[in-house]
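What's in query-v3.pdb: PDB, C-alpha atoms
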ATOM      1  CA  MET U 317     -53.797  17.903 -17.620
ATOM      2  CA  LYS U 318     -55.717  16.893 -14.512
ATOM      3  CA  THR U 319     -56.451  13.195 -14.070
ATOM      4  CA  ILE U 320     -60.175  13.816 -13.867
ATOM      5  CA  THR U 321     -60.082  15.533 -17.297
ATOM      6  CA  LYS U 322     -58.214  12.559 -18.752
ATOM      7  CA  LEU U 323     -60.810  10.191 -17.313
ATOM      8  CA  TRP U 324     -63.626  12.207 -18.930
ATOM      9  CA  ILE U 325     -61.777  11.970 -22.248
ATOM     10  CA  GLY U 326     -61.354   8.212 -21.777
ATOM     11  CA  LEU U 327     -65.065   7.966 -21.112
ATOM     12  CA  ALA U 328     -65.888   9.918 -24.284
ATOM     13  CA  ILE U 329     -63.689   7.532 -26.297
ATOM     14  CA  LEU U 330     -65.509   4.538 -24.797
ATOM     15  CA  ILE U 331     -68.842   6.060 -25.807
ATOM     16  CA  VAL U 332     -67.657   6.619 -29.380
ATOM     17  CA  VAL U 333     -66.426   3.034 -29.773
ATOM     18  CA  SER U 334     -69.416   1.526 -27.914
ATOM     19  CA  PRO U 335     -71.008   0.169 -31.141
ATOM     20  CA  ILE U 336     -68.355  -2.574 -30.853
ATOM     21  CA  GLY U 337     -70.792  -3.961 -28.269
ATOM     22  CA  LEU U 338     -73.340  -4.305 -31.085
ATOM     23  CA  ILE U 339     -71.140  -5.253 -34.016
ATOM     24  CA  LEU U 340     -69.198  -8.121 -32.410
ATOM     25  CA  PRO U 341     -72.248 -10.070 -31.146
ATOM     26  CA  GLU U 342     -73.929  -9.511 -34.522
ATOM     27  CA  HIS U 343     -70.877 -10.676 -36.445
ATOM     28  CA  PHE U 344     -70.501 -13.863 -34.383
ATOM     29  CA  LYS U 345     -74.266 -14.506 -34.435
ATOM     30  CA  ALA U 346     -74.269 -14.592 -30.670
ATOM     31  CA  GLY U 347     -77.975 -13.799 -30.273
ATOM     32  CA  SER U 348     -79.401 -12.510 -26.997
ATOM     33  CA  ALA U 349     -77.770 -12.650 -23.610
ATOM     34  CA  TRP U 350     -78.824 -15.772 -21.710
ATOM     35  CA  GLY U 351     -82.067 -15.123 -19.853
ATOM     36  CA  GLU U 352     -82.814 -11.926 -21.768
ATOM     37  CA  TRP U 353     -84.923 -13.392 -24.570
ATOM     38  CA  GLY U 354     -88.152 -11.931 -25.882
ATOM     39  CA  ALA U 355     -91.428 -13.871 -25.973
ATOM     40  CA  GLU U 356     -90.793 -15.366 -29.431
ATOM     41  CA  GLU U 357     -87.330 -16.604 -28.514
ATOM     42  CA  ILE U 358     -88.639 -18.235 -25.322
ATOM     43  CA  HIS U 359     -91.348 -19.931 -27.325
ATOM     44  CA  LYS U 360     -88.721 -21.300 -29.690
ATOM     45  CA  LEU U 361     -86.561 -22.505 -26.803
ATOM     46  CA  VAL U 362     -89.085 -24.208 -24.531
ATOM     47  CA  GLY U 363     -92.180 -24.590 -26.727
ATOM     48  CA  TYR U 364     -94.452 -22.221 -24.811
ATOM     49  CA  ILE U 365     -94.576 -18.706 -23.412
ATOM     50  CA  PRO U 366     -94.722 -18.822 -19.612
ATOM     51  CA  LYS U 367     -98.030 -17.246 -18.472
ATOM     52  CA  GLY U 368     -96.507 -14.964 -15.827
ATOM     53  CA  PHE U 369     -93.841 -13.858 -18.270
ATOM     54  CA  GLU U 370     -96.538 -12.821 -20.729
ATOM     55  CA  LYS U 371     -98.189 -10.705 -18.067
ATOM     56  CA  ILE U 372     -95.194  -9.000 -16.452
ATOM     57  CA  GLY U 373     -92.864  -9.051 -19.446
ATOM     58  CA  SER U 374     -94.529  -6.151 -21.212
ATOM     59  CA  LEU U 375     -95.328  -4.149 -18.094
ATOM     60  CA  TRP U 376     -92.905  -1.375 -18.877
ATOM     61  CA  ASN U 377     -92.455   0.220 -22.284
ATOM     62  CA  ALA U 378     -89.058   1.853 -22.274
ATOM     63  CA  PRO U 379     -88.927   4.997 -24.430
ATOM     64  CA  ILE U 380     -85.674   3.905 -26.124
ATOM     65  CA  GLN U 381     -85.830   0.100 -26.042
ATOM     66  CA  ASP U 382     -82.423  -1.587 -26.543
ATOM     67  CA  TYR U 383     -80.615   1.736 -27.062
ATOM     68  CA  ALA U 384     -82.139   1.929 -30.539
ATOM     69  CA  PHE U 385     -84.439   4.476 -32.116
ATOM     70  CA  LYS U 386     -85.349   5.814 -35.511
ATOM     71  CA  LEU U 387     -83.537   8.965 -36.469
ATOM     72  CA  TRP U 388     -84.741  10.740 -39.606
ATOM     73  CA  GLY U 389     -86.133   7.414 -40.779
ATOM     74  CA  GLY U 390     -82.599   6.068 -41.224
ATOM     75  CA  LYS U 391     -81.638   2.412 -41.625
ATOM     76  CA  GLY U 392     -78.527   0.278 -41.882
ATOM     77  CA  PRO U 393     -75.446  -0.350 -39.755
ATOM     78  CA  PHE U 394     -74.275   3.264 -39.662
ATOM     79  CA  HIS U 395     -77.656   4.389 -38.377
ATOM     80  CA  ILE U 396     -77.720   1.642 -35.735
ATOM     81  CA  GLY U 397     -74.210   2.528 -34.581
ATOM     82  CA  ALA U 398     -74.946   6.250 -34.473
ATOM     83  CA  THR U 399     -78.131   5.838 -32.450
ATOM     84  CA  TYR U 400     -76.300   3.472 -30.069
ATOM     85  CA  ILE U 401     -73.735   6.212 -29.452
ATOM     86  CA  LEU U 402     -76.482   8.831 -29.013
ATOM     87  CA  SER U 403     -78.301   6.527 -26.572
ATOM     88  CA  ALA U 404     -75.090   6.017 -24.611
ATOM     89  CA  THR U 405     -74.514   9.774 -24.542
ATOM     90  CA  LEU U 406     -78.045  10.494 -23.368
ATOM     91  CA  GLY U 407     -78.056   7.699 -20.754
ATOM     92  CA  ILE U 408     -74.688   8.766 -19.406
ATOM     93  CA  ALA U 409     -75.637  12.448 -19.331
ATOM     94  CA  ILE U 410     -78.670  11.560 -17.213
ATOM     95  CA  THR U 411     -76.675   9.167 -14.996
ATOM     96  CA  VAL U 412     -73.940  11.760 -14.439
ATOM     97  CA  SER U 413     -76.486  14.492 -13.630
ATOM     98  CA  ILE U 414     -78.224  12.299 -11.050
ATOM     99  CA  VAL U 415     -74.945  11.272  -9.399
ATOM    100  CA  LEU U 416     -73.675  14.869  -9.333
ATOM    101  CA  PHE U 417     -76.950  15.989  -7.777
ATOM    102  CA  LEU U 418     -76.978  13.117  -5.262
ATOM    103  CA  GLY U 419     -73.290  13.653  -4.538
ATOM    104  CA  ARG U 420     -73.646  17.383  -3.901
ATOM    105  CA  PHE U 421     -76.588  16.600  -1.661
ATOM    106  CA  LEU U 422     -74.868  13.790   0.245
ATOM    107  CA  SER U 423     -71.197  14.773   0.404
ATOM    108  CA  LYS U 424     -69.705  16.729   3.260
ATOM    109  CA  LYS U 425     -68.545  20.228   2.520
TER     110      LYS U 425
ATOM    111  CA  MET Z1272     -76.865 -10.089 -16.456
ATOM    112  CA  HIS Z1273     -79.734  -7.567 -16.586
ATOM    113  CA  ILE Z1274     -82.745  -9.701 -15.661
ATOM    114  CA  PRO Z1275     -85.712  -8.463 -17.731
ATOM    115  CA  ASP Z1276     -89.324  -8.136 -16.574
ATOM    116  CA  GLY Z1277     -91.189 -11.427 -16.555
ATOM    117  CA  TYR Z1278     -88.316 -13.730 -15.599
ATOM    118  CA  LEU Z1279     -88.670 -13.363 -11.835
ATOM    119  CA  GLY Z1280     -91.935 -13.898 -10.005
ATOM    120  CA  PRO Z1281     -93.491 -11.252  -7.746
ATOM    121  CA  ALA Z1282     -92.122 -12.904  -4.584
ATOM    122  CA  THR Z1283     -88.532 -12.736  -5.828
ATOM    123  CA  CYS Z1284     -88.912  -9.175  -7.136
ATOM    124  CA  GLY Z1285     -90.481  -8.041  -3.862
ATOM    125  CA  PHE Z1286     -87.840  -9.800  -1.805
ATOM    126  CA  PHE Z1287     -84.951  -8.056  -3.542
ATOM    127  CA  TYR Z1288     -86.619  -4.642  -3.372
ATOM    128  CA  ALA Z1289     -87.103  -5.285   0.347
ATOM    129  CA  VAL Z1290     -83.412  -6.153   0.698
ATOM    130  CA  MET Z1291     -82.167  -3.228  -1.372
ATOM    131  CA  ILE Z1292     -84.201  -0.421   0.220
ATOM    132  CA  PRO Z1293     -82.322  -0.639   3.539
ATOM    133  CA  VAL Z1294     -79.055  -1.161   1.630
ATOM    134  CA  TRP Z1295     -79.622   2.044  -0.363
ATOM    135  CA  THR Z1296     -80.610   3.907   2.794
ATOM    136  CA  PHE Z1297     -77.532   2.702   4.641
ATOM    137  CA  ALA Z1298     -75.303   3.433   1.636
ATOM    138  CA  SER Z1299     -76.576   7.025   1.557
ATOM    139  CA  ARG Z1300     -75.757   7.423   5.233
ATOM    140  CA  ILE Z1301     -72.246   6.029   4.857
ATOM    141  CA  VAL Z1302     -71.574   8.101   1.750
ATOM    142  CA  LYS Z1303     -72.844  11.213   3.510
ATOM    143  CA  ARG Z1304     -70.264  10.613   6.231
ATOM    144  CA  THR Z1305     -67.322   9.657   4.043
ATOM    145  CA  LEU Z1306     -67.582  11.216   0.582
ATOM    146  CA  SER Z1307     -65.959  14.604   0.185
ATOM    147  CA  THR Z1308     -67.284  17.174  -2.294
ATOM    148  CA  LYS Z1309     -64.016  16.816  -4.214
ATOM    149  CA  GLN Z1310     -64.768  13.148  -4.882
ATOM    150  CA  VAL Z1311     -68.221  13.739  -6.362
ATOM    151  CA  PRO Z1312     -67.031  14.195  -9.994
ATOM    152  CA  LEU Z1313     -65.058  10.944  -9.723
ATOM    153  CA  LEU Z1314     -68.189   9.179  -8.502
ATOM    154  CA  ALA Z1315     -70.091  10.549 -11.494
ATOM    155  CA  ILE Z1316     -67.352   9.283 -13.831
ATOM    156  CA  GLY Z1317     -67.533   5.920 -12.065
ATOM    157  CA  ALA Z1318     -71.273   5.650 -12.687
ATOM    158  CA  ALA Z1319     -70.796   6.720 -16.310
ATOM    159  CA  PHE Z1320     -67.959   4.222 -16.759
ATOM    160  CA  SER Z1321     -70.108   1.412 -15.421
ATOM    161  CA  PHE Z1322     -72.959   2.498 -17.699
ATOM    162  CA  VAL Z1323     -70.866   2.403 -20.866
ATOM    163  CA  ILE Z1324     -68.923  -0.762 -19.976
ATOM    164  CA  MET Z1325     -72.241  -2.602 -19.667
ATOM    165  CA  MET Z1326     -73.031  -1.592 -23.267
ATOM    166  CA  PHE Z1327     -69.983  -3.484 -24.537
ATOM    167  CA  ASN Z1328     -71.700  -6.784 -25.201
ATOM    168  CA  LEU Z1329     -69.176  -9.424 -26.130
ATOM    169  CA  PRO Z1330     -70.129 -12.576 -27.998
ATOM    170  CA  ILE Z1331     -69.654 -16.210 -27.266
ATOM    171  CA  PRO Z1332     -69.782 -17.180 -30.952
ATOM    172  CA  GLY Z1333     -73.050 -18.804 -31.934
ATOM    173  CA  GLY Z1334     -74.235 -18.800 -28.351
ATOM    174  CA  THR Z1335     -74.842 -15.743 -26.269
ATOM    175  CA  THR Z1336     -73.461 -12.403 -25.117
ATOM    176  CA  GLY Z1337     -72.356 -10.852 -21.874
ATOM    177  CA  HIS Z1338     -70.477  -7.888 -20.516
ATOM    178  CA  ALA Z1339     -68.436  -6.533 -17.627
ATOM    179  CA  VAL Z1340     -69.889  -4.060 -15.115
ATOM    180  CA  GLY Z1341     -66.884  -1.941 -14.159
ATOM    181  CA  GLY Z1342     -68.239  -1.727 -10.633
ATOM    182  CA  VAL Z1343     -65.276  -3.289  -8.852
ATOM    183  CA  LEU Z1344     -63.083  -0.449 -10.084
ATOM    184  CA  VAL Z1345     -65.518   2.127  -8.682
ATOM    185  CA  ALA Z1346     -65.487   0.256  -5.360
ATOM    186  CA  ILE Z1347     -61.676   0.232  -5.241
ATOM    187  CA  LEU Z1348     -61.524   3.977  -5.921
ATOM    188  CA  LEU Z1349     -64.413   5.223  -3.784
ATOM    189  CA  GLY Z1350     -65.433   2.373  -1.505
ATOM    190  CA  PRO Z1351     -68.201  -0.214  -1.936
ATOM    191  CA  TRP Z1352     -71.037   1.927  -0.549
ATOM    192  CA  ALA Z1353     -70.396   4.797  -2.936
ATOM    193  CA  ALA Z1354     -70.006   2.252  -5.759
ATOM    194  CA  CYS Z1355     -73.353   0.748  -4.779
ATOM    195  CA  LEU Z1356     -75.101   4.084  -5.277
ATOM    196  CA  ALA Z1357     -73.268   4.888  -8.516
ATOM    197  CA  ILE Z1358     -74.043   1.508 -10.139
ATOM    198  CA  THR Z1359     -77.634   1.699  -8.909
ATOM    199  CA  VAL Z1360     -78.135   5.009 -10.730
ATOM    200  CA  ALA Z1361     -76.696   3.503 -13.939
ATOM    201  CA  LEU Z1362     -78.924   0.409 -13.647
ATOM    202  CA  VAL Z1363     -82.087   2.408 -12.946
ATOM    203  CA  VAL Z1364     -81.494   4.651 -15.973
ATOM    204  CA  GLN Z1365     -80.806   1.566 -18.110
ATOM    205  CA  ALA Z1366     -84.021  -0.102 -16.957
ATOM    206  CA  LEU Z1367     -86.371   2.879 -17.175
ATOM    207  CA  LEU Z1368     -85.065   4.577 -20.290
ATOM    208  CA  PHE Z1369     -83.628   1.722 -22.350
ATOM    209  CA  GLY Z1370     -85.494  -1.354 -21.131
ATOM    210  CA  ASP Z1371     -82.141  -2.968 -20.266
ATOM    211  CA  GLY Z1372     -83.143  -4.972 -17.206
ATOM    212  CA  GLY Z1373     -86.733  -5.083 -15.994
ATOM    213  CA  VAL Z1374     -88.380  -2.473 -13.833
ATOM    214  CA  THR Z1375     -89.776  -5.197 -11.561
ATOM    215  CA  ALA Z1376     -86.260  -6.682 -11.406
ATOM    216  CA  ILE Z1377     -84.452  -3.465 -10.403
ATOM    217  CA  GLY Z1378     -84.167  -4.752  -6.831
ATOM    218  CA  ALA Z1379     -82.635  -8.052  -7.949
ATOM    219  CA  ASN Z1380     -80.368  -6.521 -10.589
ATOM    220  CA  CYS Z1381     -79.098  -3.940  -8.105
ATOM    221  CA  PHE Z1382     -78.566  -6.650  -5.494
ATOM    222  CA  ASN Z1383     -76.384  -8.585  -7.944
ATOM    223  CA  MET Z1384     -74.504  -5.841  -9.754
ATOM    224  CA  ALA Z1385     -74.654  -2.837  -7.399
ATOM    225  CA  PHE Z1386     -74.341  -4.623  -4.052
ATOM    226  CA  VAL Z1387     -72.754  -8.080  -4.218
ATOM    227  CA  LEU Z1388     -70.394  -7.177  -7.072
ATOM    228  CA  PRO Z1389     -68.716  -4.106  -5.550
ATOM    229  CA  PHE Z1390     -68.571  -5.636  -2.071
ATOM    230  CA  ALA Z1391     -67.142  -8.993  -3.162
ATOM    231  CA  GLY Z1392     -64.650  -7.152  -5.364
ATOM    232  CA  TYR Z1393     -63.715  -4.532  -2.810
ATOM    233  CA  TYR Z1394     -62.970  -6.962   0.004
ATOM    234  CA  THR Z1395     -61.045  -9.288  -2.317
ATOM    235  CA  TYR Z1396     -58.917  -6.306  -3.318
ATOM    236  CA  ARG Z1397     -58.379  -5.242   0.293
ATOM    237  CA  LEU Z1398     -57.459  -8.780   1.327
ATOM    238  CA  ILE Z1399     -54.944  -9.447  -1.458
ATOM    239  CA  SER Z1400     -53.405  -5.971  -1.441
ATOM    240  CA  TYR Z1401     -53.140  -5.877   2.346
ATOM    241  CA  GLY Z1402     -49.869  -4.222   3.342
ATOM    242  CA  ALA Z1403     -48.740  -3.795  -0.277
ATOM    243  CA  PRO Z1404     -47.369  -0.378  -1.299
ATOM    244  CA  ILE Z1405     -49.759   1.727  -3.410
ATOM    245  CA  VAL Z1406     -47.593   1.410  -6.524
ATOM    246  CA  SER Z1407     -46.865  -2.318  -6.179
ATOM    247  CA  ASN Z1408     -47.669  -4.975  -8.761
ATOM    248  CA  ARG Z1409     -49.571  -6.828  -6.064
ATOM    249  CA  ARG Z1410     -52.180  -4.045  -6.165
ATOM    250  CA  ILE Z1411     -52.640  -4.578  -9.914
ATOM    251  CA  ILE Z1412     -53.021  -8.326  -9.476
ATOM    252  CA  ALA Z1413     -55.366  -7.777  -6.538
ATOM    253  CA  ALA Z1414     -57.511  -5.480  -8.688
ATOM    254  CA  GLY Z1415     -57.679  -8.093 -11.446
ATOM    255  CA  ILE Z1416     -58.661 -10.916  -9.111
ATOM    256  CA  ALA Z1417     -61.168  -8.622  -7.402
ATOM    257  CA  GLY Z1418     -62.800  -7.831 -10.739
ATOM    258  CA  TYR Z1419     -62.990 -11.528 -11.586
ATOM    259  CA  ILE Z1420     -64.471 -12.493  -8.206
ATOM    260  CA  GLY Z1421     -66.902  -9.573  -8.124
ATOM    261  CA  LEU Z1422     -68.387 -10.237 -11.551
ATOM    262  CA  ASN Z1423     -68.585 -13.978 -10.984
ATOM    263  CA  ALA Z1424     -70.288 -13.590  -7.605
ATOM    264  CA  ALA Z1425     -72.930 -11.443  -9.302
ATOM    265  CA  ALA Z1426     -73.323 -13.913 -12.176
ATOM    266  CA  LEU Z1427     -73.720 -16.865  -9.808
ATOM    267  CA  LEU Z1428     -76.465 -15.073  -7.885
ATOM    268  CA  THR Z1429     -78.212 -14.115 -11.113
ATOM    269  CA  GLY Z1430     -78.156 -17.789 -12.107
ATOM    270  CA  ILE Z1431     -79.644 -18.832  -8.766
ATOM    271  CA  GLU Z1432     -82.393 -16.195  -9.008
ATOM    272  CA  PHE Z1433     -83.319 -17.399 -12.502
ATOM    273  CA  GLY Z1434     -83.029 -21.033 -11.454
ATOM    274  CA  ILE Z1435     -85.332 -20.988  -8.430
ATOM    275  CA  GLN Z1436     -88.261 -19.627 -10.476
ATOM    276  CA  PRO Z1437     -89.554 -22.962 -11.824
ATOM    277  CA  LEU Z1438     -89.346 -24.316  -8.264
ATOM    278  CA  ILE Z1439     -91.613 -21.671  -6.779
ATOM    279  CA  HIS Z1440     -93.878 -20.754  -9.707
ATOM    280  CA  ARG Z1441     -95.607 -23.446 -11.758
ATOM    281  CA  THR Z1442     -98.976 -23.884 -13.378
ATOM    282  CA  ALA Z1443    -101.082 -26.949 -12.539
ATOM    283  CA  ASN Z1444     -99.807 -28.729 -15.659
ATOM    284  CA  GLY Z1445     -96.186 -28.175 -14.740
ATOM    285  CA  GLN Z1446     -95.337 -25.274 -17.030
ATOM    286  CA  ALA Z1447     -93.110 -22.561 -15.613
ATOM    287  CA  LEU Z1448     -94.771 -19.203 -14.949
ATOM    288  CA  TYR Z1449     -91.617 -17.117 -15.217
ATOM    289  CA  CYS Z1450     -88.033 -18.159 -16.032
ATOM    290  CA  PRO Z1451     -88.457 -21.646 -17.517
ATOM    291  CA  TYR Z1452     -84.963 -22.917 -16.696
ATOM    292  CA  GLY Z1453     -84.133 -24.408 -13.314
ATOM    293  CA  ILE Z1454     -81.000 -24.263 -11.189
ATOM    294  CA  ASN Z1455     -79.494 -27.199 -13.097
ATOM    295  CA  VAL Z1456     -79.362 -25.089 -16.287
ATOM    296  CA  ALA Z1457     -79.336 -21.462 -15.146
ATOM    297  CA  VAL Z1458     -76.458 -21.731 -12.679
ATOM    298  CA  PRO Z1459     -74.007 -23.640 -14.911
ATOM    299  CA  VAL Z1460     -74.739 -21.306 -17.838
ATOM    300  CA  MET Z1461     -74.536 -18.017 -15.934
ATOM    301  CA  ALA Z1462     -71.577 -19.081 -13.792
ATOM    302  CA  GLY Z1463     -69.832 -20.854 -16.682
ATOM    303  CA  GLU Z1464     -69.926 -18.045 -19.236
ATOM    304  CA  HIS Z1465     -68.709 -15.506 -16.698
ATOM    305  CA  LEU Z1466     -65.977 -17.772 -15.341
ATOM    306  CA  LEU Z1467     -64.782 -18.521 -18.871
ATOM    307  CA  ILE Z1468     -65.066 -15.150 -20.577
ATOM    308  CA  PHE Z1469     -66.772 -12.125 -19.075
ATOM    309  CA  GLY Z1470     -65.068 -12.356 -15.685
ATOM    310  CA  TRP Z1471     -61.739 -11.872 -17.435
ATOM    311  CA  ILE Z1472     -62.974  -8.673 -19.050
ATOM    312  CA  GLU Z1473     -63.861  -7.223 -15.646
ATOM    313  CA  ALA Z1474     -60.470  -8.438 -14.350
ATOM    314  CA  ILE Z1475     -58.483  -6.863 -17.188
ATOM    315  CA  VAL Z1476     -60.386  -3.565 -17.142
ATOM    316  CA  THR Z1477     -60.024  -3.224 -13.357
ATOM    317  CA  ALA Z1478     -56.325  -4.144 -13.334
ATOM    318  CA  LEU Z1479     -55.442  -1.866 -16.282
ATOM    319  CA  VAL Z1480     -57.105   1.200 -14.810
ATOM    320  CA  VAL Z1481     -55.444   0.612 -11.428
ATOM    321  CA  LYS Z1482     -52.097   0.244 -13.225
ATOM    322  CA  TYR Z1483     -52.765   3.470 -15.140
ATOM    323  CA  LEU Z1484     -53.674   5.362 -11.968
ATOM    324  CA  GLN Z1485     -50.527   4.124 -10.218
ATOM    325  CA  LYS Z1486     -48.554   6.054 -12.827
ATOM    326  CA  GLN Z1487     -50.955   8.918 -13.386
ATOM    327  CA  ASP Z1488     -52.395   9.846 -10.013
ATOM    328  CA  VAL Z1489     -51.555   7.681  -7.017
ATOM    329  CA  GLY Z1490     -53.706   9.866  -4.786
ATOM    330  CA  LEU Z1491     -56.864   8.332  -6.235
ATOM    331  CA  LEU Z1492     -55.831   4.847  -5.048
ATOM    332  CA  LYS Z1493     -55.389   5.809  -1.395
TER     333      LYS Z1493
END

Step by step, read the file and then write its structure as structure tokens.
Amino acid sequence: MKTITKLWIGLAILIVVSPIGLILPEHFKAGSAWGEWGAEEIHKLVGYIPKGFEKIGSLWNAPIQDYAFKLWGGKGPFHIGATYILSATLGIAITVSIVLFLGRFLSKK
Amino acid sequence: MHIPDGYLGPATCGFFYAVMIPVWTFASRIVKRTLSTKQVPLLAIGAAFSFVIMMFNLPIPGGTTGHAVGGVLVAILLGPWAACLAITVALVVQALLFGDGGVTAIGANCFNMAFVLPFAGYYTYRLISYGAPIVSNRRIIAAGIAGYIGLNAAALLTGIEFGIQPLIHRTANGQALYCPYGINVAVPVMAGEHLLIFGWIEAIVTALVVKYLQKQDVGLLK
């Protein structure tokens, strides 16, 4: 098997096990990454919501915020894990397409 | 390490966009000269690898989370300029589609993770592996140290960018306008957690893949 094929398989495995990146922080009650809190968390931490933060913080509404979305109205850990994997798949498919396009455009023949 | 919208003031956001636009332009030129069509799929895998590695949030129990970037590996395999473009694509998709990292902070996040990280890592690798045979253990160790240095350089800069906000943006009554924590908190936290934990993840991932490729396909390491 060609190395590149093996690397694609490795990548697919990483995508499938990616919910580890949700489950472990949840299990150890790790909370948000430092400096990536929402407005409520900031308010809890410092006692106020910075004015500029309020303005710019909600500037962009990402279509799939935090790699999570509702699928067939589902709930629970399985649903969260499955949508995390689907988000990873979608994000990576788009990333790969852009890089392949850019690469074809940029690389020498 | 993905700075969200609202943590950096307009001056900082603008500054890093202004820095990154020529970097991206220059990177495209270099890649155009050096990347062969055969290497394009590997670059796409590199971008995808970085994307998924960043989704593996690991906990510091009861405290916070963090992750590796995988970008030093891409830099070792394809050079820092190609890595810069690949990680940039991953970060832009993460910001626009998933709200992971702010849109106003794309310049800063790309400066940290798509520019400083691959370059610091790449040159550390080159320095330590200088003159070492492709299949040597020194290359594996060099890759590990490069991963550690690359991720920590990015984390330190992220901490500084957070930390200068209260210095440059305050209301009349002294409240912060953007990130509320100064250098004295932001830098020790960002640098500390990456030195202690997340840097090692980048180190291990980078070293293991280089070790694997030494056995599997040495050609990719040349």

Translate the ChimeraX specification (/Z :<8) & /U, as applied to the file shown, into an explicit residue set as a VMD selection string.
chain U and resid 319 to 320 323 to 324 327 330 to 331 334 to 338 340 to 341 344 to 352 362 366 to 383 404 407 to 408 410 to 416 419 to 420 422 to 425

Non-local contacts of Arg1409 in chain Z (12 Å; only C-alpha atoms; under 2 positions in same chain excluded) as a VMD selection string:
chain Z and resid 1396 to 1407 1411 to 1417 1478 1481 to 1482 1485

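The residue that comes closest to Val1290 in chain Z, out of Z:Gly1445, Z:Gly1342, Z:Pro1351, Z:Gly1378 and on the basis of all atoms listed in the file, is Z:Gly1378.
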
Can you list, as number ranges by chain, the residues that the PyMOL selection byres ((chain Z and resi 1383) around 10) selects here?
Z: 1272-1273, 1287, 1377-1382, 1384-1389, 1421-1429, 1432

Output the selection as a compact mmCIF listing (two decimals), in the frame of the given file - C-alpha atoms for each residue.
# COMPACT_ATOMS: atom_id res chain seq x y z
CA MET Z 1272 -76.86 -10.09 -16.46
CA HIS Z 1273 -79.73 -7.57 -16.59
CA PHE Z 1287 -84.95 -8.06 -3.54
CA ILE Z 1377 -84.45 -3.46 -10.40
CA GLY Z 1378 -84.17 -4.75 -6.83
CA ALA Z 1379 -82.64 -8.05 -7.95
CA ASN Z 1380 -80.37 -6.52 -10.59
CA CYS Z 1381 -79.10 -3.94 -8.10
CA PHE Z 1382 -78.57 -6.65 -5.49
CA MET Z 1384 -74.50 -5.84 -9.75
CA ALA Z 1385 -74.65 -2.84 -7.40
CA PHE Z 1386 -74.34 -4.62 -4.05
CA VAL Z 1387 -72.75 -8.08 -4.22
CA LEU Z 1388 -70.39 -7.18 -7.07
CA PRO Z 1389 -68.72 -4.11 -5.55
CA GLY Z 1421 -66.90 -9.57 -8.12
CA LEU Z 1422 -68.39 -10.24 -11.55
CA ASN Z 1423 -68.58 -13.98 -10.98
CA ALA Z 1424 -70.29 -13.59 -7.60
CA ALA Z 1425 -72.93 -11.44 -9.30
CA ALA Z 1426 -73.32 -13.91 -12.18
CA LEU Z 1427 -73.72 -16.86 -9.81
CA LEU Z 1428 -76.46 -15.07 -7.88
CA THR Z 1429 -78.21 -14.12 -11.11
CA GLU Z 1432 -82.39 -16.20 -9.01

Would you kindly identify which residues have an atom no farther than 8 Å from (-63.2, -11.3, -15.9), using all atoms listed in the file and the file's own coordinates, and write them out as a PyMOL selection string?
chain Z and resi 1339+1415+1418-1420+1422-1423+1465-1475
